[in-house]
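Structure data (mmCIF, C-alpha atoms) from start09.cif:
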data_structure
loop_
_atom_site.label_atom_id
_atom_site.label_comp_id
_atom_site.auth_asym_id
_atom_site.auth_seq_id
_atom_site.Cartn_x
_atom_site.Cartn_y
_atom_site.Cartn_z
CA MET A 434 -130.43 63.22 -176.51
CA GLY A 435 -131.50 66.67 -175.28
CA ARG A 436 -131.27 67.85 -171.69
CA GLU A 437 -135.02 67.70 -171.10
CA SER A 438 -135.25 64.10 -172.31
CA TYR A 439 -133.44 62.96 -169.17
CA TRP A 440 -136.31 64.25 -167.02
CA SER A 441 -139.66 62.47 -166.75
CA ALA A 442 -141.22 65.69 -165.46
CA ASP A 443 -140.26 69.20 -164.48
CA PRO A 444 -138.63 68.68 -161.06
CA ASP A 445 -139.46 72.16 -159.78
CA GLY A 446 -142.85 71.18 -158.39
CA LEU A 447 -141.46 68.04 -156.78
CA LEU A 448 -138.65 69.95 -155.08
CA ARG A 449 -140.58 73.07 -154.05
CA VAL A 450 -141.68 73.45 -150.45
CA ASP A 451 -145.40 74.13 -150.45
CA ALA A 452 -147.68 74.41 -147.45
CA GLY A 453 -147.71 71.22 -145.41
CA VAL A 454 -144.48 69.79 -146.81
CA ARG A 455 -142.45 67.97 -144.16
CA LEU A 456 -138.68 67.69 -144.43
CA ALA A 457 -138.84 64.32 -142.67
CA ASP A 458 -140.88 62.98 -145.60
CA ARG A 459 -138.26 63.92 -148.19
CA ASP A 460 -135.80 61.16 -149.08
CA PRO A 461 -132.23 62.53 -149.28
CA GLY A 462 -131.29 59.62 -151.53
CA ALA A 463 -134.02 60.21 -154.10
CA LYS A 464 -133.66 61.66 -157.59
CA PRO A 465 -137.09 63.18 -158.29
CA ALA A 466 -138.15 63.24 -161.94
CA PHE A 467 -134.76 62.09 -163.26
CA ASP A 468 -134.87 58.84 -165.22
CA GLY A 469 -131.17 58.18 -165.62
CA GLY A 470 -128.25 57.31 -163.39
CA LYS A 471 -124.93 58.99 -162.71
CA GLN A 472 -123.66 58.72 -166.28
CA GLU A 473 -126.78 60.36 -167.65
CA GLY A 474 -126.55 62.96 -164.88
CA VAL A 475 -123.03 63.89 -165.92
CA SER A 476 -124.19 64.22 -169.54
CA ALA A 477 -127.17 66.35 -168.54
CA LEU A 478 -124.95 68.62 -166.44
CA ALA A 479 -122.53 69.14 -169.34
CA GLU A 480 -125.34 69.98 -171.73
CA GLY A 481 -127.03 72.27 -169.24
CA ALA A 482 -123.78 74.17 -168.66
CA GLY A 483 -123.94 75.70 -172.14
CA ILE A 484 -127.60 76.62 -171.73
CA LEU A 485 -126.95 78.24 -168.35
CA ALA A 486 -123.95 80.20 -169.64
CA ASP A 487 -125.99 81.52 -172.58
CA LEU A 488 -128.85 82.64 -170.34
CA GLN A 489 -126.45 84.33 -167.94
CA GLU A 490 -124.86 86.25 -170.80
CA ARG A 491 -128.29 87.43 -171.93
CA LEU A 492 -129.02 88.67 -168.40
CA TYR A 493 -125.69 90.47 -168.25
CA ALA A 494 -126.22 91.99 -171.70
CA ALA A 495 -129.70 93.24 -170.77
CA ALA A 496 -128.22 95.15 -167.84
CA THR A 497 -126.06 97.21 -170.19
CA GLN A 498 -129.27 98.80 -171.43
CA GLY A 499 -130.82 99.45 -168.05
CA ASP A 500 -132.53 96.15 -167.21
CA GLN A 501 -132.42 95.90 -163.42
CA ARG A 502 -133.19 92.21 -163.07
CA ARG A 503 -130.86 89.78 -161.35
CA VAL A 504 -130.95 86.22 -159.92
CA LEU A 505 -129.87 85.13 -156.44
CA LEU A 506 -129.13 81.50 -155.57
CA VAL A 507 -129.25 80.85 -151.81
CA LEU A 508 -127.56 77.62 -150.68
CA GLN A 509 -128.19 76.22 -147.21
CA ALA A 510 -127.23 72.80 -145.90
CA MET A 511 -125.66 70.73 -143.18
CA ASP A 512 -121.88 70.27 -143.44
CA THR A 513 -120.58 68.13 -146.34
CA ALA A 514 -123.88 68.39 -148.26
CA GLY A 515 -122.10 69.66 -151.37
CA LYS A 516 -122.47 73.42 -151.52
CA GLY A 517 -118.90 73.74 -152.76
CA GLY A 518 -119.58 71.26 -155.54
CA ILE A 519 -122.62 73.26 -156.64
CA VAL A 520 -120.50 76.41 -156.80
CA SER A 521 -117.73 74.64 -158.75
CA HIS A 522 -119.74 72.48 -161.13
CA VAL A 523 -122.90 74.52 -161.66
CA VAL A 524 -122.08 78.17 -161.01
CA GLY A 525 -118.57 77.60 -162.39
CA ALA A 526 -120.03 77.11 -165.87
CA MET A 527 -121.00 80.77 -165.98
CA ASN A 528 -118.79 83.74 -166.81
CA PRO A 529 -117.28 84.80 -163.46
CA GLY A 530 -117.60 88.43 -164.52
CA GLY A 531 -121.37 88.09 -164.22
CA VAL A 532 -121.39 86.19 -160.92
CA ARG A 533 -121.25 87.67 -157.43
CA TYR A 534 -120.32 85.07 -154.83
CA ALA A 535 -120.62 85.58 -151.09
CA GLY A 536 -119.72 83.00 -148.47
CA PHE A 537 -121.04 83.89 -145.02
CA LYS A 538 -119.00 82.83 -142.01
CA LYS A 539 -119.29 83.71 -138.34
CA PRO A 540 -120.21 87.42 -138.12
CA THR A 541 -117.39 89.85 -137.42
CA ALA A 542 -117.53 92.37 -134.59
CA GLU A 543 -118.52 95.06 -137.10
CA GLU A 544 -121.31 92.91 -138.51
CA LEU A 545 -122.61 92.08 -135.04
CA ALA A 546 -122.88 95.79 -134.34
CA HIS A 547 -125.57 96.00 -137.07
CA ASP A 548 -128.85 94.23 -137.75
CA PHE A 549 -128.33 90.71 -139.09
CA LEU A 550 -129.44 91.71 -142.59
CA TRP A 551 -126.83 94.48 -142.87
CA ARG A 552 -124.07 92.24 -144.23
CA ILE A 553 -126.56 90.45 -146.48
CA GLU A 554 -127.72 93.64 -148.17
CA LYS A 555 -124.12 94.60 -148.90
CA ALA A 556 -123.56 91.30 -150.75
CA LEU A 557 -126.61 91.37 -153.02
CA PRO A 558 -125.94 90.95 -156.76
CA GLY A 559 -126.14 93.97 -159.01
CA ALA A 560 -128.28 94.33 -162.11
CA GLY A 561 -127.45 91.63 -164.66
CA GLN A 562 -125.62 89.43 -162.17
CA VAL A 563 -126.25 85.97 -160.81
CA GLY A 564 -125.56 86.08 -157.08
CA VAL A 565 -124.62 83.08 -154.97
CA PHE A 566 -124.96 82.97 -151.21
CA ASP A 567 -122.96 80.10 -149.71
CA ARG A 568 -124.95 80.12 -146.48
CA SER A 569 -126.95 83.26 -145.93
CA HIS A 570 -129.27 85.27 -143.69
CA TYR A 571 -130.85 81.93 -142.76
CA GLU A 572 -127.86 81.15 -140.57
CA ASP A 573 -129.29 83.70 -138.16
CA VAL A 574 -132.46 81.66 -137.65
CA LEU A 575 -130.89 78.20 -137.92
CA ILE A 576 -127.77 78.38 -135.76
CA GLY A 577 -129.40 81.20 -133.84
CA ARG A 578 -132.32 78.95 -132.92
CA VAL A 579 -130.38 75.71 -132.33
CA ARG A 580 -127.54 77.28 -130.37
CA ARG A 581 -129.85 79.79 -128.66
CA LEU A 582 -127.66 82.69 -129.71
CA ALA A 583 -130.62 85.06 -129.51
CA PRO A 584 -133.84 85.19 -127.48
CA ALA A 585 -136.86 83.38 -128.91
CA GLU A 586 -138.67 86.66 -129.61
CA GLU A 587 -135.68 87.92 -131.61
CA ILE A 588 -135.65 84.75 -133.72
CA GLU A 589 -139.36 85.28 -134.39
CA ARG A 590 -138.67 88.86 -135.43
CA ARG A 591 -136.03 87.63 -137.86
CA TYR A 592 -138.44 85.35 -139.70
CA ARG A 593 -140.69 88.35 -140.32
CA ALA A 594 -137.72 90.53 -141.26
CA ILE A 595 -136.53 87.92 -143.77
CA ASN A 596 -139.93 87.77 -145.44
CA ASP A 597 -140.11 91.56 -145.69
CA PHE A 598 -136.53 91.74 -147.00
CA GLU A 599 -137.11 89.07 -149.62
CA ARG A 600 -140.39 90.64 -150.75
CA GLU A 601 -138.61 93.95 -151.22
CA ILE A 602 -135.74 92.57 -153.30
CA VAL A 603 -138.13 90.49 -155.42
CA GLU A 604 -140.26 93.56 -156.10
CA THR A 605 -137.15 95.45 -157.24
CA GLY A 606 -136.03 92.83 -159.75
CA THR A 607 -134.42 89.89 -157.95
CA THR A 608 -135.44 86.33 -158.72
CA LEU A 609 -134.71 84.21 -155.65
CA VAL A 610 -133.80 80.52 -155.88
CA LYS A 611 -133.57 79.20 -152.32
CA VAL A 612 -132.13 75.70 -152.05
CA MET A 613 -131.69 73.44 -149.06
CA LEU A 614 -129.38 70.54 -149.95
CA HIS A 615 -130.98 67.67 -148.04
CA LEU A 616 -128.28 65.27 -146.86
CA GLY A 617 -128.92 62.08 -144.91
CA LYS A 618 -127.29 61.62 -141.51
CA ASP A 619 -125.61 58.34 -142.47
CA GLU A 620 -124.28 59.87 -145.68
CA GLN A 621 -122.83 62.78 -143.73
CA ARG A 622 -120.96 60.35 -141.47
CA LYS A 623 -119.44 58.69 -144.55
CA ARG A 624 -118.33 62.01 -145.98
CA LEU A 625 -116.81 63.19 -142.72
CA GLN A 626 -115.03 59.83 -142.38
CA ASP A 627 -113.69 60.22 -145.91
CA ARG A 628 -112.22 63.59 -145.00
CA LEU A 629 -110.43 62.04 -142.04
CA ASP A 630 -109.18 59.04 -144.03
CA ARG A 631 -107.74 60.98 -146.98
CA PRO A 632 -104.77 63.28 -146.28
CA GLU A 633 -105.68 65.55 -149.19
CA LYS A 634 -109.11 66.15 -147.65
CA ARG A 635 -108.22 66.58 -143.99
CA TRP A 636 -107.96 70.34 -144.43
CA LYS A 637 -111.71 70.33 -145.05
CA PHE A 638 -112.47 68.62 -141.75
CA ASN A 639 -113.41 70.77 -138.79
CA PRO A 640 -113.95 69.19 -135.36
CA GLY A 641 -116.83 71.61 -134.99
CA ASP A 642 -118.64 69.67 -137.73
CA VAL A 643 -119.05 66.80 -135.28
CA ASP A 644 -120.36 69.20 -132.64
CA GLU A 645 -123.04 70.37 -135.08
CA ARG A 646 -123.78 66.77 -136.07
CA LEU A 647 -124.64 65.98 -132.46
CA LEU A 648 -127.45 68.52 -132.83
CA TRP A 649 -128.77 66.92 -136.04
CA ASP A 650 -132.37 66.55 -134.92
CA ASP A 651 -132.46 70.12 -133.66
CA TYR A 652 -131.23 71.39 -137.01
CA GLN A 653 -133.82 69.33 -138.91
CA GLU A 654 -136.51 70.90 -136.73
CA ALA A 655 -135.02 74.37 -137.30
CA TYR A 656 -135.08 73.85 -141.08
CA GLN A 657 -138.72 72.78 -140.89
CA VAL A 658 -139.60 76.00 -139.06
CA VAL A 659 -137.69 77.99 -141.70
CA PHE A 660 -139.75 76.35 -144.43
CA ASP A 661 -143.01 76.88 -142.56
CA ARG A 662 -142.30 80.56 -141.95
CA THR A 663 -140.36 81.67 -145.05
CA SER A 664 -141.34 79.53 -148.05
CA THR A 665 -143.53 82.07 -149.80
CA ALA A 666 -145.16 82.44 -153.20
CA TYR A 667 -142.59 85.08 -154.16
CA ALA A 668 -139.59 83.26 -152.65
CA PRO A 669 -140.27 79.54 -152.27
CA TRP A 670 -137.81 77.03 -150.88
CA PHE A 671 -136.64 73.98 -152.80
CA VAL A 672 -135.43 70.85 -151.00
CA VAL A 673 -132.88 69.08 -153.22
CA PRO A 674 -131.88 65.52 -152.23
CA ALA A 675 -128.11 65.58 -151.76
CA ASN A 676 -126.98 62.03 -151.07
CA ARG A 677 -126.17 61.74 -154.78
CA LYS A 678 -123.90 64.67 -155.56
CA TRP A 679 -124.48 64.35 -159.29
CA TYR A 680 -128.25 64.63 -158.83
CA ALA A 681 -128.00 67.66 -156.55
CA ARG A 682 -125.90 69.43 -159.18
CA ILE A 683 -128.25 68.83 -162.09
CA ALA A 684 -131.27 69.69 -159.96
CA VAL A 685 -129.84 73.04 -158.89
CA GLN A 686 -128.72 73.71 -162.45
CA HIS A 687 -132.27 72.98 -163.62
CA LEU A 688 -133.71 75.40 -161.06
CA LEU A 689 -131.34 78.16 -162.20
CA ILE A 690 -132.06 77.54 -165.88
CA ASP A 691 -135.80 77.64 -165.23
CA ALA A 692 -135.48 80.87 -163.26
CA LEU A 693 -133.52 82.53 -166.06
CA GLU A 694 -135.80 81.20 -168.79
CA ARG A 695 -138.81 82.70 -167.02
CA LEU A 696 -137.20 86.12 -167.44
CA ASP A 697 -137.68 85.68 -171.21
CA LEU A 698 -134.34 87.26 -172.01
CA GLY A 699 -133.64 88.31 -175.58
CA TRP A 700 -130.53 89.99 -176.90
CA PRO A 701 -130.70 93.79 -176.49
CA GLU A 702 -131.05 95.84 -179.64
CA PRO A 703 -127.99 98.00 -180.42
CA ASP A 704 -128.27 101.78 -180.13
CA TYR A 705 -126.42 102.24 -183.42
CA ASP A 706 -127.09 101.52 -187.11
CA VAL A 707 -125.67 98.05 -187.80
CA ASP A 708 -125.37 98.55 -191.58
CA GLU A 709 -123.66 101.90 -191.12
CA GLN A 710 -121.11 100.38 -188.77
CA ARG A 711 -120.50 97.47 -191.16
CA ALA A 712 -119.72 99.97 -193.90
CA ARG A 713 -117.39 101.96 -191.66
CA LEU A 714 -115.60 98.81 -190.59
CA ALA A 715 -115.15 97.64 -194.19
CA ALA A 716 -113.67 101.00 -195.15
CA SER A 717 -111.29 101.14 -192.19
#

Would you mind writing the file out in structure tokens?
Amino acid sequence: MGRESYWSADPDGLLRVDAGVRLADRDPGAKPAFDGGKQEGVSALAEGAGILADLQERLYAAATQGDQRRVLLVLQAMDTAGKGGIVSHVVGAMNPGGVRYAGFKKPTAEELAHDFLWRIEKALPGAGQVGVFDRSHYEDVLIGRVRRLAPAEEIERRYRAINDFEREIVETGTTLVKVMLHLGKDEQRKRLQDRLDRPEKRWKFNPGDVDERLLWDDYQEAYQVVFDRTSTAYAPWFVVPANRKWYARIAVQHLLIDALERLDLGWPEPDYDVDEQRARLAAS
């Protein structure tokens, strides 16, 4: 059974945030366009891993001959939604030499002394790389809005700055895959409880996660504004249901594979005579 046979349709259109899409209408427990269950999801992920690794290698190889294209996966979510699992199980299938990972925490004093996009620009992937942002510039309009860390007019400026920034990097060769892992509130409670109940997971628990949870509705509203202002034709958002970790992983993998396949990457032609080098090698 091939990877595509698990899907009843291409999930991209079902996951993409188009005009008028409401986050409240998206079911975090759904599995859009996927016919199977967890077992089939695990099989699809394993099969897709080889496809993704091959496409990444083609991208990396193209850069050796001057191709400037690159792919950037942006992951945003509430706590426990599974960003780490995406990095481990999806991105981890690729050659780490061709991946540039950046996890954005609370800004440092140096970063706060610059515009909010300064640290983002420094972390962009190079030509031939697949970049991964574990949280991103969107923190500055999500937490910034919910926690009122900046005046309302500054938050509005940031939406416009993000759109301009993303348009610029797309025009210079970056394919953006922006994913919000959509976790249900009840499921988050279960996952946080699991971290408290299991000694080997307590290191992952942060009391601040509960503080953020108390602002759940505010964050859902902030995400909706992000989608309304920054889901564009050149850099659309995708809302991936995250209550089923296995589904979130195969969905993000599918989005990455589709993004790379659209680049139509072949193997670069060598700048030497293959037959001549075969003869030299045989005589060596």

Determine, counting all atoms listed in the file, which protein, DNA and RNA residues have an atom within 12 Å of an atom of A:Gln626; residues of the same chain fewer than 5 positions away are not included. Present the result as a tab-separated table (two decimals) with C-alpha atoms, keeping the file's coordinate frame.
chain	number	residue	atom	x	y	z
A	513	THR	CA	-120.58	68.13	-146.34
A	619	ASP	CA	-125.61	58.34	-142.47
A	620	GLU	CA	-124.28	59.87	-145.68
A	621	GLN	CA	-122.83	62.78	-143.73
A	631	ARG	CA	-107.74	60.98	-146.98
A	632	PRO	CA	-104.77	63.28	-146.28
A	634	LYS	CA	-109.11	66.15	-147.65
A	635	ARG	CA	-108.22	66.58	-143.99
A	637	LYS	CA	-111.71	70.33	-145.05
A	638	PHE	CA	-112.47	68.62	-141.75
A	639	ASN	CA	-113.41	70.77	-138.79
A	640	PRO	CA	-113.95	69.19	-135.36
A	642	ASP	CA	-118.64	69.67	-137.73
A	643	VAL	CA	-119.05	66.80	-135.28

Gap from atom CA of A:Arg552 to atom CA of A:Arg695 - Å, one decimal
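Pair atom CA of A:Arg552 / atom CA of A:Arg695 returns 28.8 Å.
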
Which stretch 657-715 of chain A residues have any atom within 9 Å of an atom of stretch 480-484 of chain A, and for each, what is the nearest pair of atoms with distance in Å to one decimal, counting all atoms listed in the file, rows sorted by chain and number, as a Markdown table?
| residue | atom | partner | partner_atom | distance |
| --- | --- | --- | --- | --- |
| A:Ile683 | CA | A:Gly481 | CA | 8.0 |
| A:Gln686 | CA | A:Gly481 | CA | 7.1 |
| A:His687 | CA | A:Gly481 | CA | 7.7 |
| A:Ile690 | CA | A:Ile484 | CA | 7.4 |

Rounded to one decimal in Å, what is the spacing between atom CA of A:Glu544 and atom CA of A:Glu572?
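Those two atoms sit 13.6 Å apart.
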
Check the smallest atom-to-atom distance from each of A:Arg459, A:Gln653, A:Ala681, A:Glu601 to A:Val520 using only C-alpha atoms, then report the winner.
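Of A:Arg459, A:Gln653, A:Ala681, A:Glu601, the one nearest A:Val520 is A:Ala681, counting only C-alpha atoms.
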
Students should find that atom CA of A:Gly453 and atom CA of A:Asp651 are spaced 19.3 Å
